[in-house]
Amino acid sequence: MEEQEFNAAVSRLIRQARQRAGVTQEHLGRQAGLSRASITNIEGGTQMPPLYRLARIASALNVQPAELIPLLVPDETADLSARHAAGVSAVWARAAELRGGHGEG
């Protein structure tokens with residue numbers, strides 16, 4: 001998966017989670033400390049949230065950050081920038097830890 005594809009998948013997952021939560025872009029923005037325009041841009045794929053903001057968006061939607069990140073096999077992170085690959089790896093490690101420790105997943 002290329003970085004652009006990955007970013008588009010993150011955008012879709014955020015939009016889907018927001019729709020499942022039944023909240024508007026404006027409400028999500030307020031809860032995550034962003035403007036409605038930023039949420040629109042994130043969901044449209046023209047703006048990518050840094051990990052901190054992704055975690056705030058996840059919290060506002062009452063989901064785990066890993067739920068807003070597409071599945072990648074470890075080798076696929078090689079196509080991402082070092083910063084994004086490290087972030088993905090960290091979130092995957094934590095998600096695996098949570099699933100294993102709580103019997104989730």
# chains A, B, ... in the order shown; residues from 1 in each chain; ligands from 1
call {"tool": "residues_around", "arguments": {"residues": "Val63 (chain A)", "least_positions_apart": "2", "cutoff": "12 Å", "atoms": "only C-alpha atoms", "output": "list in words"}}
result
Leu13, Ile14, Gln16, Ala17, Arg18, Arg20, Ala21, Leu54, Ala55, Arg56, Ile57, Ala58, Ser59, Ala60, Leu61, Pro65, Ala66, Glu67, Leu68, Ile69 and Ala95 of chain A
call {"tool": "write_last_selection", "arguments": {"atoms": "N, CA, C and O atoms", "output": "PDB file, in the first residue's frame"}}
result
ATOM      1  N   LEU A  13     -11.798   5.701   6.928  1.00  0.00           N
ATOM      2  CA  LEU A  13     -12.076   5.108   8.240  1.00  0.00           C
ATOM      3  C   LEU A  13     -12.570   6.154   9.233  1.00  0.00           C
ATOM      4  O   LEU A  13     -13.465   5.883  10.040  1.00  0.00           O
ATOM      5  N   ILE A  14     -12.010   7.349   9.178  1.00  0.00           N
ATOM      6  CA  ILE A  14     -12.467   8.431  10.063  1.00  0.00           C
ATOM      7  C   ILE A  14     -13.908   8.799   9.709  1.00  0.00           C
ATOM      8  O   ILE A  14     -14.759   8.913  10.596  1.00  0.00           O
ATOM      9  N   GLN A  16     -16.192   6.993   8.194  1.00  0.00           N
ATOM     10  CA  GLN A  16     -17.087   5.895   8.553  1.00  0.00           C
ATOM     11  C   GLN A  16     -17.335   5.847  10.063  1.00  0.00           C
ATOM     12  O   GLN A  16     -18.475   5.641  10.499  1.00  0.00           O
ATOM     13  N   ALA A  17     -16.283   6.052  10.847  1.00  0.00           N
ATOM     14  CA  ALA A  17     -16.435   6.042  12.312  1.00  0.00           C
ATOM     15  C   ALA A  17     -17.314   7.202  12.764  1.00  0.00           C
ATOM     16  O   ALA A  17     -18.142   7.050  13.663  1.00  0.00           O
ATOM     17  N   ARG A  18     -17.147   8.350  12.136  1.00  0.00           N
ATOM     18  CA  ARG A  18     -17.974   9.510  12.495  1.00  0.00           C
ATOM     19  C   ARG A  18     -19.433   9.231  12.151  1.00  0.00           C
ATOM     20  O   ARG A  18     -20.336   9.514  12.951  1.00  0.00           O
ATOM     21  N   ARG A  20     -20.898   6.305  11.878  1.00  0.00           N
ATOM     22  CA  ARG A  20     -21.407   5.293  12.823  1.00  0.00           C
ATOM     23  C   ARG A  20     -21.750   5.925  14.167  1.00  0.00           C
ATOM     24  O   ARG A  20     -22.713   5.531  14.816  1.00  0.00           O
ATOM     25  N   ALA A  21     -20.939   6.905  14.570  1.00  0.00           N
ATOM     26  CA  ALA A  21     -21.185   7.589  15.848  1.00  0.00           C
ATOM     27  C   ALA A  21     -22.378   8.538  15.757  1.00  0.00           C
ATOM     28  O   ALA A  21     -22.878   9.004  16.778  1.00  0.00           O
ATOM     29  N   LEU A  54      -4.995  12.386  15.486  1.00  0.00           N
ATOM     30  CA  LEU A  54      -5.690  11.136  15.195  1.00  0.00           C
ATOM     31  C   LEU A  54      -6.199  10.511  16.495  1.00  0.00           C
ATOM     32  O   LEU A  54      -7.329  10.037  16.568  1.00  0.00           O
ATOM     33  N   ALA A  55      -5.372  10.544  17.528  1.00  0.00           N
ATOM     34  CA  ALA A  55      -5.782  10.023  18.834  1.00  0.00           C
ATOM     35  C   ALA A  55      -6.931  10.841  19.412  1.00  0.00           C
ATOM     36  O   ALA A  55      -7.860  10.285  20.009  1.00  0.00           O
ATOM     37  N   ARG A  56      -6.898  12.155  19.233  1.00  0.00           N
ATOM     38  CA  ARG A  56      -7.998  13.015  19.724  1.00  0.00           C
ATOM     39  C   ARG A  56      -9.287  12.738  18.956  1.00  0.00           C
ATOM     40  O   ARG A  56     -10.368  12.705  19.538  1.00  0.00           O
ATOM     41  N   ILE A  57      -9.169  12.526  17.646  1.00  0.00           N
ATOM     42  CA  ILE A  57     -10.339  12.197  16.834  1.00  0.00           C
ATOM     43  C   ILE A  57     -10.913  10.864  17.291  1.00  0.00           C
ATOM     44  O   ILE A  57     -12.127  10.725  17.482  1.00  0.00           O
ATOM     45  N   ALA A  58     -10.053   9.880  17.497  1.00  0.00           N
ATOM     46  CA  ALA A  58     -10.507   8.565  17.963  1.00  0.00           C
ATOM     47  C   ALA A  58     -11.222   8.690  19.301  1.00  0.00           C
ATOM     48  O   ALA A  58     -12.296   8.107  19.495  1.00  0.00           O
ATOM     49  N   SER A  59     -10.656   9.444  20.210  1.00  0.00           N
ATOM     50  CA  SER A  59     -11.268   9.634  21.522  1.00  0.00           C
ATOM     51  C   SER A  59     -12.644  10.285  21.387  1.00  0.00           C
ATOM     52  O   SER A  59     -13.604   9.869  22.041  1.00  0.00           O
ATOM     53  N   ALA A  60     -12.740  11.294  20.539  1.00  0.00           N
ATOM     54  CA  ALA A  60     -14.016  11.987  20.331  1.00  0.00           C
ATOM     55  C   ALA A  60     -15.069  11.051  19.736  1.00  0.00           C
ATOM     56  O   ALA A  60     -16.261  11.226  19.969  1.00  0.00           O
ATOM     57  N   LEU A  61     -14.614  10.051  18.975  1.00  0.00           N
ATOM     58  CA  LEU A  61     -15.529   9.091  18.358  1.00  0.00           C
ATOM     59  C   LEU A  61     -15.723   7.842  19.214  1.00  0.00           C
ATOM     60  O   LEU A  61     -16.426   6.919  18.815  1.00  0.00           O
ATOM     61  N   PRO A  65      -7.537   4.401  18.460  1.00  0.00           N
ATOM     62  CA  PRO A  65      -6.834   4.942  17.291  1.00  0.00           C
ATOM     63  C   PRO A  65      -6.554   3.885  16.222  1.00  0.00           C
ATOM     64  O   PRO A  65      -6.633   4.176  15.028  1.00  0.00           O
ATOM     65  N   ALA A  66      -6.282   2.662  16.631  1.00  0.00           N
ATOM     66  CA  ALA A  66      -5.989   1.597  15.659  1.00  0.00           C
ATOM     67  C   ALA A  66      -7.169   1.339  14.729  1.00  0.00           C
ATOM     68  O   ALA A  66      -6.978   0.867  13.612  1.00  0.00           O
ATOM     69  N   GLU A  67      -8.377   1.673  15.156  1.00  0.00           N
ATOM     70  CA  GLU A  67      -9.557   1.474  14.316  1.00  0.00           C
ATOM     71  C   GLU A  67      -9.610   2.474  13.165  1.00  0.00           C
ATOM     72  O   GLU A  67     -10.375   2.289  12.218  1.00  0.00           O
ATOM     73  N   LEU A  68      -8.800   3.519  13.244  1.00  0.00           N
ATOM     74  CA  LEU A  68      -8.763   4.544  12.200  1.00  0.00           C
ATOM     75  C   LEU A  68      -7.557   4.385  11.284  1.00  0.00           C
ATOM     76  O   LEU A  68      -7.274   5.259  10.469  1.00  0.00           O
ATOM     77  N   ILE A  69      -6.859   3.268  11.440  1.00  0.00           N
ATOM     78  CA  ILE A  69      -5.655   3.002  10.643  1.00  0.00           C
ATOM     79  C   ILE A  69      -5.882   1.715   9.858  1.00  0.00           C
ATOM     80  O   ILE A  69      -6.270   0.698  10.434  1.00  0.00           O
ATOM     81  N   ALA A  95      -2.246  -1.926  19.767  1.00  0.00           N
ATOM     82  CA  ALA A  95      -3.518  -2.594  19.462  1.00  0.00           C
ATOM     83  C   ALA A  95      -3.410  -4.090  19.711  1.00  0.00           C
ATOM     84  O   ALA A  95      -4.308  -4.701  20.297  1.00  0.00           O
TER      85      ALA A  95
END
call {"tool": "residues_around", "arguments": {"residues": "region 2-11 of chain A", "least_positions_apart": "4", "cutoff": "10 Å", "atoms": "only C-alpha atoms", "output": "list in words"}}
result
Arg15, Gln16, Ile39, Thr40, Asn41, Ile42, Glu43, Gly44, Gly45, Thr46, Gln47, Met48, Pro49, Leu54, Glu67, Leu68, Ile69, Pro70, Leu71, Leu72, Glu76, Thr77, Ala78, Asp79, Leu80, Ser81, His84 and Ala85 of chain A
call {"tool": "write_last_selection", "arguments": {"atoms": "N, CA and C atoms", "output": "compact mmCIF listing (two decimals), in the first residue's frame"}}
result
# COMPACT_ATOMS: atom_id res chain seq x y z
N ARG A 15 -14.18 8.99 8.43
CA ARG A 15 -15.54 9.34 8.00
C ARG A 15 -16.54 8.26 8.41
N GLN A 16 -16.19 6.99 8.19
CA GLN A 16 -17.09 5.89 8.55
C GLN A 16 -17.34 5.85 10.06
N ILE A 39 -11.92 18.87 9.68
CA ILE A 39 -12.52 17.53 9.60
C ILE A 39 -12.92 17.24 8.17
N THR A 40 -13.50 18.23 7.48
CA THR A 40 -13.87 18.06 6.07
C THR A 40 -12.64 17.72 5.25
N ASN A 41 -11.54 18.44 5.48
CA ASN A 41 -10.31 18.20 4.73
C ASN A 41 -9.71 16.83 5.05
N ILE A 42 -9.77 16.43 6.31
CA ILE A 42 -9.25 15.12 6.71
C ILE A 42 -10.07 14.02 6.05
N GLU A 43 -11.39 14.13 6.14
CA GLU A 43 -12.25 13.12 5.54
C GLU A 43 -12.15 13.12 4.02
N GLY A 44 -11.83 14.26 3.44
CA GLY A 44 -11.68 14.36 1.99
C GLY A 44 -10.31 13.96 1.50
N GLY A 45 -9.39 13.73 2.42
CA GLY A 45 -8.05 13.29 2.05
C GLY A 45 -7.08 14.38 1.68
N THR A 46 -7.45 15.64 1.88
CA THR A 46 -6.53 16.73 1.54
C THR A 46 -5.68 17.16 2.72
N GLN A 47 -6.00 16.66 3.90
CA GLN A 47 -5.23 16.97 5.12
C GLN A 47 -5.09 15.68 5.90
N MET A 48 -3.90 15.39 6.38
CA MET A 48 -3.67 14.18 7.16
C MET A 48 -3.39 14.59 8.60
N PRO A 49 -4.12 14.05 9.56
CA PRO A 49 -3.89 14.45 10.95
C PRO A 49 -2.61 13.82 11.50
N LEU A 54 -5.00 12.39 15.49
CA LEU A 54 -5.69 11.14 15.19
C LEU A 54 -6.20 10.51 16.49
N GLU A 67 -8.38 1.67 15.16
CA GLU A 67 -9.56 1.47 14.32
C GLU A 67 -9.61 2.47 13.16
N LEU A 68 -8.80 3.52 13.24
CA LEU A 68 -8.76 4.54 12.20
C LEU A 68 -7.56 4.38 11.28
N ILE A 69 -6.86 3.27 11.44
CA ILE A 69 -5.66 3.00 10.64
C ILE A 69 -5.88 1.72 9.86
N PRO A 70 -5.65 1.74 8.54
CA PRO A 70 -5.88 0.53 7.75
C PRO A 70 -4.89 -0.58 8.11
N LEU A 71 -5.32 -1.80 7.88
CA LEU A 71 -4.45 -2.94 8.13
C LEU A 71 -3.27 -2.94 7.17
N LEU A 72 -2.11 -3.14 7.69
CA LEU A 72 -0.89 -3.27 6.89
C LEU A 72 -0.12 -4.46 7.42
N GLU A 76 4.73 -3.73 4.47
CA GLU A 76 4.12 -2.65 3.71
C GLU A 76 4.44 -1.27 4.28
N THR A 77 4.90 -1.19 5.50
CA THR A 77 5.24 0.12 6.06
C THR A 77 6.49 0.69 5.41
N ALA A 78 7.22 -0.11 4.66
CA ALA A 78 8.44 0.37 3.99
C ALA A 78 8.13 1.46 2.99
N ASP A 79 6.91 1.50 2.45
CA ASP A 79 6.54 2.53 1.48
C ASP A 79 6.16 3.86 2.14
N LEU A 80 6.03 3.86 3.46
CA LEU A 80 5.67 5.07 4.17
C LEU A 80 6.91 5.83 4.61
N SER A 81 6.73 7.10 4.89
CA SER A 81 7.85 7.86 5.44
C SER A 81 8.21 7.25 6.79
N HIS A 84 5.73 8.13 9.57
CA HIS A 84 4.46 7.43 9.49
C HIS A 84 4.63 5.94 9.79
N ALA A 85 5.69 5.34 9.30
CA ALA A 85 5.92 3.91 9.55
C ALA A 85 6.10 3.65 11.04
call {"tool": "atom_distance", "arguments": {"atom1": "CA of Leu51 (chain A)", "atom2": "CA of Ser38 (chain A)"}}
result
14.8 Å
call {"tool": "select_by_dssp", "arguments": {"residues": "chain A", "states": "helix (DSSP H, G or I)", "output": "PyMOL selection string"}}
result
chain A and resi 3-21+25-32+36-44+51-60+65-68+74-79+82-102
call {"tool": "write_last_selection", "arguments": {"atoms": "C-alpha atoms", "output": "PDB file, in the first residue's frame"}}
result
ATOM      1  CA  GLU A   3       1.370   6.360   1.266  1.00  0.00           C
ATOM      2  CA  GLN A   4      -1.341   8.122  -0.748  1.00  0.00           C
ATOM      3  CA  GLU A   5      -3.494   4.969  -0.625  1.00  0.00           C
ATOM      4  CA  PHE A   6      -2.855   4.661   3.112  1.00  0.00           C
ATOM      5  CA  ASN A   7      -3.877   8.284   3.707  1.00  0.00           C
ATOM      6  CA  ALA A   8      -7.061   7.802   1.662  1.00  0.00           C
ATOM      7  CA  ALA A   9      -7.914   4.731   3.749  1.00  0.00           C
ATOM      8  CA  VAL A  10      -7.386   6.694   6.999  1.00  0.00           C
ATOM      9  CA  SER A  11      -9.733   9.390   5.656  1.00  0.00           C
ATOM     10  CA  ARG A  12     -12.407   6.800   4.851  1.00  0.00           C
ATOM     11  CA  LEU A  13     -12.076   5.108   8.240  1.00  0.00           C
ATOM     12  CA  ILE A  14     -12.467   8.431  10.063  1.00  0.00           C
ATOM     13  CA  ARG A  15     -15.538   9.341   8.002  1.00  0.00           C
ATOM     14  CA  GLN A  16     -17.087   5.895   8.553  1.00  0.00           C
ATOM     15  CA  ALA A  17     -16.435   6.042  12.312  1.00  0.00           C
ATOM     16  CA  ARG A  18     -17.974   9.510  12.495  1.00  0.00           C
ATOM     17  CA  GLN A  19     -21.041   8.367  10.580  1.00  0.00           C
ATOM     18  CA  ARG A  20     -21.407   5.293  12.823  1.00  0.00           C
ATOM     19  CA  ALA A  21     -21.185   7.589  15.848  1.00  0.00           C
ATOM     20  CA  GLN A  25     -18.218  17.093  11.213  1.00  0.00           C
ATOM     21  CA  GLU A  26     -18.724  20.227  13.273  1.00  0.00           C
ATOM     22  CA  HIS A  27     -19.390  18.239  16.457  1.00  0.00           C
ATOM     23  CA  LEU A  28     -16.384  15.985  15.856  1.00  0.00           C
ATOM     24  CA  GLY A  29     -14.207  19.018  15.211  1.00  0.00           C
ATOM     25  CA  ARG A  30     -15.253  20.674  18.472  1.00  0.00           C
ATOM     26  CA  GLN A  31     -14.662  17.477  20.443  1.00  0.00           C
ATOM     27  CA  ALA A  32     -11.244  16.893  18.850  1.00  0.00           C
ATOM     28  CA  ARG A  36     -15.233  21.660  10.870  1.00  0.00           C
ATOM     29  CA  ALA A  37     -13.165  22.637   7.833  1.00  0.00           C
ATOM     30  CA  SER A  38     -10.247  20.554   9.130  1.00  0.00           C
ATOM     31  CA  ILE A  39     -12.518  17.534   9.604  1.00  0.00           C
ATOM     32  CA  THR A  40     -13.868  18.060   6.071  1.00  0.00           C
ATOM     33  CA  ASN A  41     -10.306  18.197   4.731  1.00  0.00           C
ATOM     34  CA  ILE A  42      -9.248  15.124   6.711  1.00  0.00           C
ATOM     35  CA  GLU A  43     -12.249  13.116   5.536  1.00  0.00           C
ATOM     36  CA  GLY A  44     -11.679  14.357   1.990  1.00  0.00           C
ATOM     37  CA  LEU A  51      -0.825  11.070  15.399  1.00  0.00           C
ATOM     38  CA  TYR A  52      -1.774  13.331  18.299  1.00  0.00           C
ATOM     39  CA  ARG A  53      -4.807  14.631  16.400  1.00  0.00           C
ATOM     40  CA  LEU A  54      -5.690  11.136  15.195  1.00  0.00           C
ATOM     41  CA  ALA A  55      -5.782  10.023  18.834  1.00  0.00           C
ATOM     42  CA  ARG A  56      -7.998  13.015  19.724  1.00  0.00           C
ATOM     43  CA  ILE A  57     -10.339  12.197  16.834  1.00  0.00           C
ATOM     44  CA  ALA A  58     -10.507   8.565  17.963  1.00  0.00           C
ATOM     45  CA  SER A  59     -11.268   9.634  21.522  1.00  0.00           C
ATOM     46  CA  ALA A  60     -14.016  11.987  20.331  1.00  0.00           C
ATOM     47  CA  PRO A  65      -6.834   4.942  17.291  1.00  0.00           C
ATOM     48  CA  ALA A  66      -5.989   1.597  15.659  1.00  0.00           C
ATOM     49  CA  GLU A  67      -9.557   1.474  14.316  1.00  0.00           C
ATOM     50  CA  LEU A  68      -8.763   4.544  12.200  1.00  0.00           C
ATOM     51  CA  PRO A  74       4.745  -5.068   8.546  1.00  0.00           C
ATOM     52  CA  ASP A  75       6.613  -5.086   5.208  1.00  0.00           C
ATOM     53  CA  GLU A  76       4.117  -2.652   3.705  1.00  0.00           C
ATOM     54  CA  THR A  77       5.236   0.117   6.057  1.00  0.00           C
ATOM     55  CA  ALA A  78       8.437   0.366   3.994  1.00  0.00           C
ATOM     56  CA  ASP A  79       6.535   2.533   1.483  1.00  0.00           C
ATOM     57  CA  ALA A  82       9.884   6.909   8.510  1.00  0.00           C
ATOM     58  CA  ARG A  83       7.661   9.053  10.727  1.00  0.00           C
ATOM     59  CA  HIS A  84       4.457   7.426   9.492  1.00  0.00           C
ATOM     60  CA  ALA A  85       5.925   3.909   9.549  1.00  0.00           C
ATOM     61  CA  ALA A  86       7.045   4.351  13.149  1.00  0.00           C
ATOM     62  CA  GLY A  87       3.639   5.689  14.127  1.00  0.00           C
ATOM     63  CA  VAL A  88       1.828   2.823  12.431  1.00  0.00           C
ATOM     64  CA  SER A  89       4.114   0.288  14.074  1.00  0.00           C
ATOM     65  CA  ALA A  90       3.570   1.829  17.501  1.00  0.00           C
ATOM     66  CA  VAL A  91      -0.202   1.845  17.126  1.00  0.00           C
ATOM     67  CA  TRP A  92      -0.216  -1.747  15.824  1.00  0.00           C
ATOM     68  CA  ALA A  93       1.918  -2.903  18.734  1.00  0.00           C
ATOM     69  CA  ARG A  94      -0.412  -1.241  21.221  1.00  0.00           C
ATOM     70  CA  ALA A  95      -3.518  -2.594  19.462  1.00  0.00           C
ATOM     71  CA  ALA A  96      -2.099  -6.125  19.522  1.00  0.00           C
ATOM     72  CA  GLU A  97      -1.257  -5.682  23.186  1.00  0.00           C
ATOM     73  CA  LEU A  98      -4.807  -4.522  23.973  1.00  0.00           C
ATOM     74  CA  ARG A  99      -6.407  -7.302  21.972  1.00  0.00           C
ATOM     75  CA  GLY A 100      -4.186  -9.951  23.557  1.00  0.00           C
ATOM     76  CA  GLY A 101      -4.516  -8.616  27.067  1.00  0.00           C
ATOM     77  CA  HIS A 102      -8.282  -8.193  27.025  1.00  0.00           C
TER      78      HIS A 102
END
